[in-house]
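Next up, input-v2.csv (CSV, N, CA and C atoms):
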chain,number,residue,atom,x,y,z
A,21,MET,N,-56.4,-30.3,6.1
A,21,MET,CA,-55.5,-30.5,5.0
A,21,MET,C,-54.8,-29.1,4.8
A,22,PRO,N,-53.5,-29.1,5.1
A,22,PRO,CA,-52.8,-27.8,4.9
A,22,PRO,C,-52.6,-27.4,3.5
A,23,GLU,N,-52.9,-26.2,3.1
A,23,GLU,CA,-52.6,-25.7,1.8
A,23,GLU,C,-51.2,-25.2,1.9
A,24,ILE,N,-50.4,-25.7,1.0
A,24,ILE,CA,-49.0,-25.3,1.0
A,24,ILE,C,-48.6,-24.3,0.0
A,25,LEU,N,-49.4,-24.1,-1.0
A,25,LEU,CA,-49.1,-23.2,-2.1
A,25,LEU,C,-50.4,-22.9,-2.9
A,26,ARG,N,-50.5,-21.6,-3.4
A,26,ARG,CA,-51.6,-21.2,-4.3
A,26,ARG,C,-51.0,-20.3,-5.3
A,27,LEU,N,-51.1,-20.8,-6.6
A,27,LEU,CA,-50.6,-20.0,-7.7
A,27,LEU,C,-51.4,-20.2,-8.9
A,28,PHE,N,-51.7,-19.1,-9.7
A,28,PHE,CA,-52.4,-19.2,-11.0
A,28,PHE,C,-53.7,-19.9,-10.9
A,29,GLY,N,-54.4,-19.8,-9.8
A,29,GLY,CA,-55.7,-20.4,-9.6
A,29,GLY,C,-55.6,-21.9,-9.2
A,30,LEU,N,-54.5,-22.4,-8.9
A,30,LEU,CA,-54.3,-23.8,-8.5
A,30,LEU,C,-53.9,-23.8,-7.0
A,31,LYS,N,-54.5,-24.7,-6.3
A,31,LYS,CA,-54.2,-24.8,-4.8
A,31,LYS,C,-53.6,-26.2,-4.6
A,32,PHE,N,-52.5,-26.2,-3.8
A,32,PHE,CA,-51.7,-27.3,-3.6
A,32,PHE,C,-51.8,-27.7,-2.1
A,33,TYR,N,-52.2,-29.0,-1.9
A,33,TYR,CA,-52.4,-29.5,-0.5
A,33,TYR,C,-51.6,-30.8,-0.2
A,34,ILE,N,-51.3,-30.9,1.0
A,34,ILE,CA,-50.8,-32.2,1.5
A,34,ILE,C,-51.7,-32.6,2.7
A,35,TYR,N,-52.4,-33.7,2.6
A,35,TYR,CA,-53.3,-34.2,3.6
A,35,TYR,C,-52.5,-34.7,4.8
A,36,THR,N,-53.0,-34.4,6.0
A,36,THR,CA,-52.3,-34.8,7.2
A,36,THR,C,-52.3,-36.3,7.5
A,37,ARG,N,-53.4,-36.9,7.0
A,37,ARG,CA,-53.5,-38.4,7.3
A,37,ARG,C,-53.3,-39.1,6.0
A,38,ASP,N,-52.3,-38.8,5.2
A,38,ASP,CA,-52.0,-39.4,3.9
A,38,ASP,C,-50.9,-40.4,4.1
A,39,HIS,N,-50.5,-41.0,3.0
A,39,HIS,CA,-49.6,-42.1,2.9
A,39,HIS,C,-48.4,-41.9,2.0
A,40,GLU,N,-47.4,-42.7,2.1
A,40,GLU,CA,-46.3,-42.7,1.2
A,40,GLU,C,-46.7,-43.2,-0.1
A,41,PRO,N,-46.0,-42.8,-1.2
A,41,PRO,CA,-44.9,-42.0,-1.3
A,41,PRO,C,-45.3,-40.5,-1.2
A,42,PRO,N,-44.4,-39.6,-0.9
A,42,PRO,CA,-44.7,-38.2,-0.8
A,42,PRO,C,-45.4,-37.7,-2.1
A,43,HIS,N,-46.5,-37.0,-1.9
A,43,HIS,CA,-47.3,-36.5,-3.1
A,43,HIS,C,-48.0,-35.3,-2.6
A,44,VAL,N,-48.6,-34.6,-3.7
A,44,VAL,CA,-49.3,-33.4,-3.4
A,44,VAL,C,-50.6,-33.4,-4.2
A,45,HIS,N,-51.7,-32.9,-3.6
A,45,HIS,CA,-53.0,-32.8,-4.3
A,45,HIS,C,-53.1,-31.4,-4.8
A,46,VAL,N,-53.6,-31.3,-6.1
A,46,VAL,CA,-53.7,-30.0,-6.7
A,46,VAL,C,-55.2,-29.9,-7.1
A,47,VAL,N,-55.8,-28.7,-6.7
A,47,VAL,CA,-57.2,-28.5,-7.0
A,47,VAL,C,-57.3,-27.2,-7.9
A,48,SER,N,-58.0,-27.4,-9.0
A,48,SER,CA,-58.2,-26.3,-10.0
A,48,SER,C,-59.7,-26.0,-9.9
A,49,GLN,N,-60.1,-25.0,-10.7
A,49,GLN,CA,-61.6,-24.7,-10.8
A,49,GLN,C,-62.4,-25.9,-11.4
A,50,ASP,N,-61.7,-26.7,-12.2
A,50,ASP,CA,-62.5,-27.8,-12.9
A,50,ASP,C,-62.3,-29.2,-12.3
A,51,GLY,N,-61.2,-29.4,-11.6
A,51,GLY,CA,-61.0,-30.7,-11.1
A,51,GLY,C,-59.8,-30.8,-10.1
A,52,GLU,N,-59.3,-32.0,-10.0
A,52,GLU,CA,-58.3,-32.3,-9.0
A,52,GLU,C,-57.3,-33.3,-9.6
A,53,ALA,N,-56.0,-33.2,-9.2
A,53,ALA,CA,-55.0,-34.2,-9.6
A,53,ALA,C,-54.1,-34.5,-8.4
A,54,LYS,N,-53.4,-35.6,-8.5
A,54,LYS,CA,-52.4,-35.9,-7.5
A,54,LYS,C,-51.1,-36.3,-8.2
A,55,PHE,N,-50.0,-35.7,-7.7
A,55,PHE,CA,-48.7,-35.9,-8.2
A,55,PHE,C,-47.8,-36.5,-7.2
A,56,ILE,N,-47.0,-37.5,-7.5
A,56,ILE,CA,-45.9,-38.0,-6.7
A,56,ILE,C,-44.8,-37.0,-6.8
A,57,VAL,N,-44.1,-36.6,-5.7
A,57,VAL,CA,-43.0,-35.7,-5.7
A,57,VAL,C,-41.8,-36.4,-5.3
A,58,ALA,N,-41.0,-36.8,-6.3
A,58,ALA,CA,-39.7,-37.5,-6.1
A,58,ALA,C,-38.7,-36.8,-7.0
A,59,ASP,N,-37.6,-37.5,-7.4
A,59,ASP,CA,-36.7,-36.9,-8.3
A,59,ASP,C,-37.4,-36.4,-9.6
A,60,GLU,N,-38.4,-37.2,-10.0
A,60,GLU,CA,-39.2,-36.8,-11.1
A,60,GLU,C,-40.6,-36.7,-10.6
A,61,ILE,N,-41.4,-35.7,-11.2
A,61,ILE,CA,-42.8,-35.5,-10.8
A,61,ILE,C,-43.6,-36.4,-11.7
A,62,THR,N,-44.5,-37.2,-11.0
A,62,THR,CA,-45.3,-38.1,-11.7
A,62,THR,C,-46.8,-37.9,-11.5
A,63,LEU,N,-47.6,-37.7,-12.5
A,63,LEU,CA,-49.0,-37.6,-12.3
A,63,LEU,C,-49.6,-39.0,-11.9
A,64,LEU,N,-50.3,-39.0,-10.8
A,64,LEU,CA,-50.8,-40.3,-10.3
A,64,LEU,C,-52.3,-40.4,-10.6
A,65,GLU,N,-53.0,-39.3,-10.4
A,65,GLU,CA,-54.5,-39.3,-10.7
A,65,GLU,C,-54.9,-38.0,-11.3
A,66,ASN,N,-55.9,-38.0,-12.1
A,66,ASN,CA,-56.5,-36.8,-12.7
A,66,ASN,C,-58.0,-37.0,-12.7
A,67,ALA,N,-58.7,-36.1,-12.0
A,67,ALA,CA,-60.1,-36.1,-12.0
A,67,ALA,C,-60.6,-34.8,-12.5
A,68,ARG,N,-60.8,-34.8,-13.8
A,68,ARG,CA,-61.4,-33.6,-14.6
A,68,ARG,C,-60.6,-32.4,-14.6
A,69,MET,N,-59.3,-32.4,-14.3
A,69,MET,CA,-58.5,-31.2,-14.4
A,69,MET,C,-58.1,-31.1,-15.9
A,70,LYS,N,-58.2,-29.9,-16.4
A,70,LYS,CA,-57.8,-29.7,-17.8
A,70,LYS,C,-56.3,-30.0,-18.1
A,71,PRO,N,-56.0,-30.5,-19.3
A,71,PRO,CA,-54.6,-30.8,-19.6
A,71,PRO,C,-53.7,-29.6,-19.4
A,72,LYS,N,-54.1,-28.4,-19.7
A,72,LYS,CA,-53.2,-27.2,-19.6
A,72,LYS,C,-53.0,-26.9,-18.1
A,73,ASP,N,-54.0,-27.2,-17.2
A,73,ASP,CA,-53.8,-27.0,-15.8
A,73,ASP,C,-52.9,-28.1,-15.2
A,74,VAL,N,-53.0,-29.4,-15.7
A,74,VAL,CA,-52.1,-30.4,-15.3
A,74,VAL,C,-50.7,-30.1,-15.6
A,75,LYS,N,-50.4,-29.6,-16.8
A,75,LYS,CA,-49.1,-29.2,-17.2
A,75,LYS,C,-48.6,-28.0,-16.4
A,76,LEU,N,-49.4,-27.0,-16.1
A,76,LEU,CA,-49.0,-25.9,-15.2
A,76,LEU,C,-48.7,-26.4,-13.8
A,77,ALA,N,-49.6,-27.3,-13.3
A,77,ALA,CA,-49.3,-27.8,-11.9
A,77,ALA,C,-48.0,-28.5,-11.9
A,78,GLU,N,-47.7,-29.3,-12.9
A,78,GLU,CA,-46.4,-30.1,-12.9
A,78,GLU,C,-45.3,-29.1,-12.9
A,79,SER,N,-45.3,-28.1,-13.7
A,79,SER,CA,-44.3,-27.1,-13.7
A,79,SER,C,-44.1,-26.4,-12.4
A,80,ILE,N,-45.2,-26.0,-11.7
A,80,ILE,CA,-45.1,-25.3,-10.4
A,80,ILE,C,-44.5,-26.3,-9.4
A,81,ILE,N,-44.9,-27.6,-9.4
A,81,ILE,CA,-44.4,-28.5,-8.5
A,81,ILE,C,-42.9,-28.7,-8.7
A,82,GLU,N,-42.5,-28.7,-9.9
A,82,GLU,CA,-41.0,-28.8,-10.2
A,82,GLU,C,-40.3,-27.6,-9.7
A,83,ASP,N,-40.8,-26.4,-9.9
A,83,ASP,CA,-40.2,-25.2,-9.4
A,83,ASP,C,-40.2,-25.1,-7.8
A,84,ASN,N,-41.1,-25.8,-7.2
A,84,ASN,CA,-41.3,-25.7,-5.7
A,84,ASN,C,-41.1,-27.1,-5.0
A,85,LYS,N,-40.3,-27.9,-5.7
A,85,LYS,CA,-40.1,-29.3,-5.2
A,85,LYS,C,-39.5,-29.3,-3.7
A,86,ASP,N,-38.6,-28.4,-3.5
A,86,ASP,CA,-38.0,-28.4,-2.1
A,86,ASP,C,-39.0,-28.0,-1.1
A,87,LEU,N,-39.8,-27.0,-1.4
A,87,LEU,CA,-40.9,-26.6,-0.5
A,87,LEU,C,-41.9,-27.7,-0.2
A,88,ILE,N,-42.2,-28.4,-1.2
A,88,ILE,CA,-43.2,-29.5,-1.1
A,88,ILE,C,-42.6,-30.7,-0.3
A,89,LYS,N,-41.4,-31.0,-0.6
A,89,LYS,CA,-40.7,-32.1,0.2
A,89,LYS,C,-40.5,-31.7,1.7
A,90,THR,N,-40.2,-30.5,1.9
A,90,THR,CA,-40.0,-30.0,3.3
A,90,THR,C,-41.4,-30.0,4.0
A,91,SER,N,-42.4,-29.6,3.3
A,91,SER,CA,-43.8,-29.6,3.9
A,91,SER,C,-44.2,-31.0,4.2
A,92,TRP,N,-43.9,-31.9,3.3
A,92,TRP,CA,-44.3,-33.3,3.6
A,92,TRP,C,-43.6,-33.8,4.8
A,93,LYS,N,-42.3,-33.5,4.9
A,93,LYS,CA,-41.5,-34.0,6.1
A,93,LYS,C,-42.0,-33.4,7.4
A,94,ASN,N,-42.4,-32.1,7.3
A,94,ASN,CA,-42.9,-31.4,8.5
A,94,ASN,C,-44.3,-32.0,8.9
A,95,ILE,N,-45.1,-32.4,8.0
A,95,ILE,CA,-46.4,-32.9,8.3
A,95,ILE,C,-46.3,-34.4,8.7
A,96,HIS,N,-45.5,-35.2,8.0
A,96,HIS,CA,-45.5,-36.6,8.2
A,96,HIS,C,-44.3,-37.2,8.9
A,97,GLY,N,-43.3,-36.3,9.1
A,97,GLY,CA,-42.1,-36.8,9.8
A,97,GLY,C,-41.2,-37.7,9.1
A,98,SER,N,-41.2,-37.7,7.8
A,98,SER,CA,-40.3,-38.6,7.0
A,98,SER,C,-39.9,-37.8,5.8
A,99,GLU,N,-38.7,-38.2,5.2
A,99,GLU,CA,-38.2,-37.5,4.1
A,99,GLU,C,-38.7,-38.1,2.8
A,100,ASP,N,-39.1,-39.3,2.7
A,100,ASP,CA,-39.5,-40.0,1.5
A,100,ASP,C,-41.0,-40.2,1.5

As structure tokens:
Amino acid sequence: MPEILRLFGLKFYIYTRDHEPPHVHVVSQDGEAKFIVADEITLLENARMKPKDVKLAESIIEDNKDLIKTSWKNIHGSED
């Protein structure tokens, strides 16, 4: 599972054997969350990640949306 970004104690991953729609897994010290990365960022799952970390992760994803979409395309060979 390639780590594509690490900021403020959050690690952002895209799994190589994952599925559509494009999304990113975020791991914090306390838990993990999954966000769909499209025109809008959508929280899909949250497993014990603190609300402040979810909000921070969402902001980081928004700021790095192009990097995440490009990484998804490079790993999975599709844009969506």

**OP:** Using only C-alpha atoms, pick whichever of A:Arg37, A:Gly51, A:Val57, A:Lys70 has the shortest atom-to-atom distance to Leu87 in chain A.
**Re:** A:Val57

**OP:** Rounded to one decimal place, report the atom N of Asp38 in chain A-atom C of Leu63 in chain A distance in Å.
**Re:** 17.3 Å

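Considering the residues A:Glu65, A:His45, A:Leu30, A:Leu25 and counting only C-alpha atoms, Asn84 in chain A has its shortest atom-to-atom contact with A:Leu25.
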
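With only C-alpha atoms as the atoms that count, the residue of A:Ile95, A:Ala53, A:Leu64, A:Ile88 with the shortest distance to Met21 in chain A is A:Ile95.
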
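The space between atom N of Phe28 in chain A and atom C of His96 in chain A spans 27.0 Å.
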
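Every protein or nucleic acid residue with an atom no more than 12 Å from Tyr35 in chain A, counting only C-alpha atoms and leaving out same-chain residues fewer than 6 positions away, appears here: Met21, Pro22, Glu23, Ile24, Pro42, His43, Val44, His45, Val46, Lys54, Ser91, Trp92, Asn94, Ile95 and His96 of chain A.
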